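Enquirer: Contents are compact mmCIF, C-alpha atoms; file name structure.txt:
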# COMPACT_ATOMS: atom_id res chain seq x y z
CA MET T 1 156.91 135.93 5.16
CA THR T 2 156.21 135.09 1.55
CA ASN T 3 153.92 132.32 0.36
CA ASP T 4 155.14 128.91 1.50
CA GLN T 5 158.29 130.20 3.19
CA VAL T 6 159.44 127.58 5.70
CA PRO T 7 157.55 128.27 8.96
CA PRO T 8 158.69 127.46 12.49
CA PRO T 9 158.65 123.68 13.08
CA SER T 10 155.87 123.97 15.67
CA ILE T 11 153.38 125.17 13.04
CA ASP T 12 151.44 122.65 10.93
CA THR T 13 150.72 124.51 7.70
CA SER T 14 148.86 121.54 6.23
CA ILE T 15 145.86 122.58 8.32
CA PRO T 16 144.14 125.78 7.15
CA HIS T 17 143.68 128.60 9.62
CA SER T 18 141.09 131.35 9.47
CA ALA T 19 143.62 134.16 10.06
CA ARG T 20 145.75 133.04 7.13
CA MET T 21 142.67 132.58 4.94
CA TYR T 22 141.66 136.17 5.69
CA ASP T 23 145.19 137.24 4.80
CA TYR T 24 144.76 135.45 1.45
CA TRP T 25 141.40 137.11 0.75
CA LEU T 26 142.84 140.51 1.62
CA GLY T 27 145.70 140.00 -0.84
CA GLY T 28 148.43 139.23 1.71
CA SER T 29 151.30 136.79 1.40
CA SER T 30 151.29 135.22 4.88
CA ASN T 31 149.35 132.13 3.88
CA PHE T 32 150.05 128.60 2.72
CA ALA T 33 148.68 126.12 0.20
CA ALA T 34 146.08 124.68 2.60
CA ASP T 35 144.83 128.18 3.45
CA ARG T 36 144.53 129.13 -0.20
CA ALA T 37 142.82 125.88 -1.15
CA LEU T 38 140.10 126.27 1.46
CA GLY T 39 139.88 129.99 0.75
CA GLN T 40 139.23 129.20 -2.92
CA ALA T 41 136.58 126.62 -1.96
CA PHE T 42 134.81 129.31 0.07
CA GLU T 43 135.08 131.65 -2.90
CA GLN T 44 133.44 129.12 -5.22
CA ALA T 45 130.40 129.04 -2.91
CA ILE T 46 130.41 132.80 -2.27
CA PRO T 47 132.19 134.71 -5.07
CA SER T 48 131.97 137.91 -2.98
CA ILE T 49 133.97 136.41 -0.07
CA ARG T 50 136.88 138.83 -0.63
CA THR T 51 134.47 141.74 -0.47
CA MET T 52 133.05 140.33 2.75
CA ALA T 53 136.53 140.19 4.27
CA ARG T 54 137.16 143.80 3.29
CA GLU T 55 133.79 144.88 4.70
CA ASN T 56 134.66 143.31 8.05
CA ARG T 57 137.90 145.28 8.06
CA ARG T 58 136.06 148.49 7.18
CA PHE T 59 133.53 147.90 9.94
CA LEU T 60 136.38 147.46 12.42
CA GLY T 61 137.65 150.91 11.50
CA ARG T 62 134.24 152.51 11.88
CA ALA T 63 133.64 150.76 15.21
CA VAL T 64 136.99 151.87 16.63
CA ARG T 65 136.37 155.45 15.52
CA CYS T 66 132.95 155.32 17.19
CA MET T 67 134.48 154.13 20.45
CA VAL T 68 137.19 156.79 20.38
CA GLU T 69 135.10 159.75 19.24
CA GLU T 70 131.85 159.05 21.08
CA ALA T 71 133.05 157.28 24.23
CA GLY T 72 136.64 158.49 24.64
CA ILE T 73 138.00 154.93 24.72
CA HIS T 74 141.77 154.69 24.27
CA GLN T 75 142.44 151.04 25.06
CA PHE T 76 141.36 148.04 23.01
CA LEU T 77 141.26 144.27 23.30
CA ASP T 78 141.14 142.71 19.81
CA ILE T 79 140.45 138.96 19.92
CA GLY T 80 140.98 137.01 16.72
CA THR T 81 143.09 139.88 15.44
CA GLY T 82 144.62 138.06 12.47
CA ILE T 83 147.86 138.85 10.67
CA PRO T 84 148.90 142.53 10.86
CA ALA T 85 147.74 144.38 7.74
CA PRO T 86 146.51 147.83 6.70
CA GLY T 87 143.19 148.67 8.31
CA ASP T 88 143.74 146.55 11.41
CA THR T 89 143.18 147.86 14.93
CA HIS T 90 146.77 149.02 15.36
CA SER T 91 146.63 150.97 12.08
CA VAL T 92 143.28 152.59 12.88
CA THR T 93 144.28 153.69 16.37
CA GLU T 94 147.55 155.12 15.03
CA ILE T 95 145.37 157.58 13.09
CA VAL T 96 142.40 158.31 15.36
CA ALA T 97 144.00 157.92 18.80
CA PRO T 98 147.76 157.36 18.60
CA ASP T 99 148.11 157.23 22.39
CA SER T 100 145.82 154.17 22.55
CA ARG T 101 146.99 150.86 23.95
CA VAL T 102 145.99 147.75 22.05
CA VAL T 103 146.20 144.10 23.03
CA CYS T 104 145.79 141.79 20.05
CA VAL T 105 144.92 138.12 20.65
CA ASP T 106 145.06 135.16 18.29
CA ASN T 107 145.67 131.42 18.67
CA ASP T 108 147.76 131.04 15.49
CA PRO T 109 151.54 131.00 16.17
CA ILE T 110 152.17 132.51 12.73
CA VAL T 111 150.05 135.52 13.68
CA ASN T 112 152.12 135.88 16.85
CA ALA T 113 155.38 135.63 14.91
CA HIS T 114 154.30 138.37 12.49
CA ALA T 115 153.02 140.49 15.34
CA GLN T 116 156.28 140.29 17.28
CA ALA T 117 158.25 141.17 14.16
CA HIS T 118 155.94 144.13 13.57
CA ALA T 119 156.46 145.33 17.14
CA ARG T 120 160.25 145.03 16.85
CA LYS T 121 160.21 146.99 13.60
CA LYS T 122 158.16 149.70 15.28
CA GLU T 123 160.53 149.86 18.22
CA GLY T 124 163.49 150.07 15.84
CA GLY T 125 161.91 153.14 14.31
CA GLY T 126 162.19 155.03 17.57
CA ALA T 127 158.80 155.23 19.28
CA PRO T 128 157.88 152.16 21.34
CA SER T 129 154.88 150.20 20.16
CA ARG T 130 151.68 150.64 22.15
CA THR T 131 150.38 147.35 20.75
CA MET T 132 150.96 144.05 22.55
CA TYR T 133 150.26 140.58 21.19
CA VAL T 134 149.04 137.57 23.13
CA GLN T 135 148.71 134.01 21.89
CA ALA T 136 145.57 132.71 23.58
CA ASP T 137 142.24 130.99 22.96
CA LEU T 138 138.83 132.64 23.16
CA ARG T 139 137.49 129.47 24.76
CA GLN T 140 139.60 130.25 27.84
CA PRO T 141 138.62 133.85 28.66
CA GLU T 142 139.66 133.73 32.32
CA GLU T 143 143.18 132.63 31.37
CA LEU T 144 143.36 135.37 28.75
CA LEU T 145 142.29 138.04 31.22
CA ARG T 146 145.09 136.96 33.59
CA ASP T 147 147.79 137.14 30.91
CA PRO T 148 150.64 139.39 32.13
CA ALA T 149 150.91 141.20 28.79
CA LEU T 150 147.21 142.08 28.94
CA THR T 151 147.21 143.19 32.57
CA ALA T 152 150.36 145.26 32.00
CA SER T 153 148.87 147.02 28.97
CA LEU T 154 145.20 147.52 29.79
CA ASP T 155 143.64 149.13 32.85
CA LEU T 156 140.53 147.04 33.42
CA ASP T 157 139.18 149.67 35.79
CA ARG T 158 138.75 152.02 32.81
CA PRO T 159 136.53 151.51 29.74
CA VAL T 160 137.88 149.08 27.14
CA GLY T 161 136.91 148.57 23.52
CA LEU T 162 136.46 144.83 22.96
CA LEU T 163 136.63 143.69 19.33
CA LEU T 164 135.24 140.30 18.30
CA ILE T 165 135.39 140.65 14.53
CA ALA T 166 134.63 137.49 12.53
CA VAL T 167 135.85 135.17 15.28
CA LEU T 168 132.86 133.82 17.22
CA MET T 169 131.82 131.64 14.27
CA LEU T 170 134.94 129.52 14.89
CA LEU T 171 133.40 128.21 18.13
CA GLY T 172 130.71 125.55 17.89
CA ASP T 173 127.64 125.62 20.07
CA GLN T 174 129.19 122.89 22.20
CA ASP T 175 131.96 125.38 23.11
CA ASP T 176 129.27 127.78 24.39
CA PRO T 177 130.70 130.94 22.81
CA TRP T 178 128.00 132.94 24.61
CA ALA T 179 129.55 131.96 27.96
CA SER T 180 133.05 132.91 26.77
CA THR T 181 131.79 136.26 25.54
CA ALA T 182 129.84 136.86 28.76
CA ALA T 183 132.98 136.22 30.82
CA LEU T 184 134.80 138.91 28.85
CA LEU T 185 131.92 141.37 29.10
CA ASP T 186 131.57 140.79 32.84
CA ALA T 187 135.26 141.57 33.37
CA LEU T 188 135.03 145.00 31.73
CA PRO T 189 133.92 148.16 33.55
CA PRO T 190 130.89 150.35 32.74
CA GLY T 191 131.42 152.52 29.69
CA SER T 192 133.25 149.74 27.86
CA HIS T 193 132.10 148.92 24.32
CA VAL T 194 132.06 145.69 22.33
CA ALA T 195 131.98 145.35 18.53
CA ILE T 196 130.93 142.04 16.96
CA THR T 197 130.57 140.74 13.42
CA HIS T 198 129.30 137.25 12.70
CA PRO T 199 128.52 135.39 9.45
CA THR T 200 124.93 134.37 8.94
CA GLN T 201 122.80 132.10 6.79
CA ASP T 202 119.97 134.64 6.97
CA PHE T 203 120.80 136.31 3.64
CA ASN T 204 121.76 133.29 1.50
CA PRO T 205 121.20 129.91 3.21
CA ALA T 206 122.31 127.82 0.22
CA ALA T 207 125.64 129.58 -0.28
CA MET T 208 126.43 129.60 3.42
CA GLY T 209 125.58 125.90 3.57
CA GLU T 210 128.18 125.20 0.89
CA VAL T 211 130.77 127.16 2.83
CA VAL T 212 130.04 125.18 5.98
CA LYS T 213 130.51 121.92 4.03
CA ALA T 214 133.83 123.19 2.64
CA ALA T 215 134.96 124.13 6.15
CA GLU T 216 134.09 120.66 7.46
CA GLN T 217 136.13 119.06 4.68
CA GLY T 218 139.03 121.33 5.62
CA HIS T 219 138.71 120.32 9.31
CA MET T 220 137.66 123.82 10.30
CA THR T 221 134.76 124.80 12.53
CA LEU T 222 132.51 127.42 10.94
CA VAL T 223 129.10 128.12 12.47
CA PRO T 224 126.92 130.80 10.85
CA ARG T 225 124.24 132.10 13.18
CA GLU T 226 120.89 133.82 12.88
CA ARG T 227 120.31 137.39 14.00
CA ASP T 228 118.77 136.52 17.37
CA GLN T 229 121.72 134.24 18.16
CA VAL T 230 124.15 137.06 17.33
CA GLU T 231 122.19 139.53 19.45
CA ARG T 232 122.61 137.17 22.43
CA PHE T 233 126.36 137.83 22.40
CA PHE T 234 125.74 141.42 23.49
CA GLY T 235 124.01 140.29 26.68
CA ASP T 236 122.35 143.16 28.54
CA TRP T 237 124.66 145.83 27.10
CA GLU T 238 123.00 148.79 25.36
CA LEU T 239 123.18 148.57 21.58
CA VAL T 240 124.57 151.66 19.87
CA GLU T 241 122.55 152.93 16.92
CA PRO T 242 121.73 151.45 14.44
CA GLY T 243 121.77 148.19 16.44
CA VAL T 244 122.53 144.78 14.95
CA VAL T 245 122.42 145.25 11.17
CA PRO T 246 124.16 143.89 8.05
CA VAL T 247 127.84 144.74 8.30
CA MET T 248 127.76 146.99 5.23
CA GLY T 249 124.88 148.94 6.74
CA TRP T 250 126.46 149.80 10.10
CA ARG T 251 127.21 153.54 9.82
CA PRO T 252 128.65 153.29 6.31
CA ASP T 253 131.05 155.96 5.09
CA GLY T 254 128.92 157.76 2.54
CA ASP T 255 125.57 156.53 1.27
CA LEU T 256 124.01 153.25 2.35
CA PRO T 257 125.00 150.48 -0.11
CA ASP T 258 122.39 149.48 -2.69
CA ASP T 259 122.33 146.00 -1.17
CA PRO T 260 123.64 145.98 2.41
CA ASN T 261 122.86 142.25 2.59
CA ALA T 262 125.53 141.48 -0.03
CA ALA T 263 128.03 140.69 2.74
CA TYR T 264 126.60 137.85 4.80
CA TYR T 265 127.48 139.20 8.25
CA TRP T 266 125.56 140.74 11.12
CA ALA T 267 127.37 143.54 12.93
CA GLY T 268 126.81 145.69 15.97
CA VAL T 269 128.37 147.74 18.76
CA ALA T 270 127.10 147.91 22.34
CA ARG T 271 127.96 149.84 25.50
CA LYS T 272 128.10 148.50 29.05
CA PRO T 273 125.70 150.59 31.14
CA SER T 274 126.58 152.06 34.52
Once more with this new file: its structure as structure tokens, please.
Expert:
Amino acid sequence: MTNDQVPPPSIDTSIPHSARMYDYWLGGSSNFAADRALGQAFEQAIPSIRTMARENRRFLGRAVRCMVEEAGIHQFLDIGTGIPAPGDTHSVTEIVAPDSRVVCVDNDPIVNAHAQAHARKKEGGGAPSRTMYVQADLRQPEELLRDPALTASLDLDRPVGLLLIAVLMLLGDQDDPWASTAALLDALPPGSHVAITHPTQDFNPAAMGEVVKAAEQGHMTLVPRERDQVERFFGDWELVEPGVVPVMGWRPDGDLPDDPNAAYYWAGVARKPS
């Protein structure tokens, strides 16, 4: 889908959506004028916002590799997956564990449309896709966990890699995102891992404040959170080294960046104990 191609009639493209904004920052074409306008407003407040989007994507790859190589996990639940693009969960598992099963979840119908087209293209190439897509809302974890596509793809009696990358900030405190996350964690068996990134005001309060104002004007919920609030999402799971750190500093490929705080996100991976 190219920029501003006519979408399905059920989709209101006058309202920006985080998945399409990320697509814009990553250089994709599956976004619309409202997404680009709000994306540019974010960029005025934080000129490095495109770098931050790329760093989240890089962290996802490192977290998946950690789960595969250190815990032997070969099934993943990616919530807030966004529009399919290089470096996403499907692409990473194709390289590090091609037999993995992946369930990708998003609440944007455009994401689902792209995902289904991607799956059909894969099937047309011969090998069936091991990635399934579910349109669902993180605020309804019990309904998500009962979805037939999820239960048919993932064995919840075996360890699962849960990915919550740059998605929890879209739920306000009144939505109790900690309860939604806890419901997901409780449903997974011992040995499962969870990877989380979350924007924060800890590194640059003024710039993040401007982004929050821009989001409010664009009718989007965006809640940056402090480190202790992010750590709460992991519950009583055991944090994998190096713990909750700036996203650029979580097991970087190569040397530690000169300024790991340059991307305003906390990141971490944790394991459910036996």
Enquirer: Restricting the calculation to only C-alpha atoms, which member of T:Met220, T:Leu256, T:Ala136, T:Ile79 is positioned closest to T:Leu168?
Expert: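 Selected residue with least distance to T:Leu168: T:Ile79.
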Enquirer: Listing only residues of stretch 241-261 of chain T within 12 Å of stretch 44-53 of chain T, what is the closest atom pair and its distance in Å (to one decimal) for each, using all atoms listed in the file, sorted by chain and residue number ascending, as a Markdown table?
Expert:
| residue | atom | partner | partner_atom | distance |
| --- | --- | --- | --- | --- |
| T:Pro246 | CA | T:Met52 | CA | 10.9 |
| T:Val247 | CA | T:Met52 | CA | 8.8 |
| T:Met248 | CA | T:Met52 | CA | 8.9 |
| T:Pro260 | CA | T:Met52 | CA | 11.0 |
| T:Asn261 | CA | T:Met52 | CA | 10.4 |
Enquirer: So how far away is atom CA of T:Asn107 from atom CA of T:Asp137, in Å?
Expert: 5.5 Å
Enquirer: Which residue gives the smallest distance to T:Glu238 among T:Ala262, T:Val160, T:Ala195, T:Val211, with all atoms listed in the file counted?
Expert: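 Under the stated criterion, the closest residue is T:Ala195.
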Enquirer: Between atom CA of T:Met208 and atom CA of T:Leu26, what is the distance in Å, rounded to a tenth?
Expert: 19.8 Å
Enquirer: Counting only C-alpha atoms, what is within 8 Å of T:Ala19, bar same-chain residues fewer than 4 positions away, as a list in words?
Expert: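 After dropping sequence-adjacent residues, the list is Asp23, Gly80, Thr81, Gly82, Ile83, Asp108 and Val111 of chain T.
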Enquirer: Residues near stretch 153-156 of chain T, anyone? I mean within 8 Å using only C-alpha atoms, not counting same-chain ones fewer than 3 positions away, as a list in words.
Expert: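 Answer for this query is Gln75, Phe76, Arg101, Val102, Val103, Met132, Ala149, Leu150, Pro159, Val160, Ala187, Leu188 and Pro189 of chain T.
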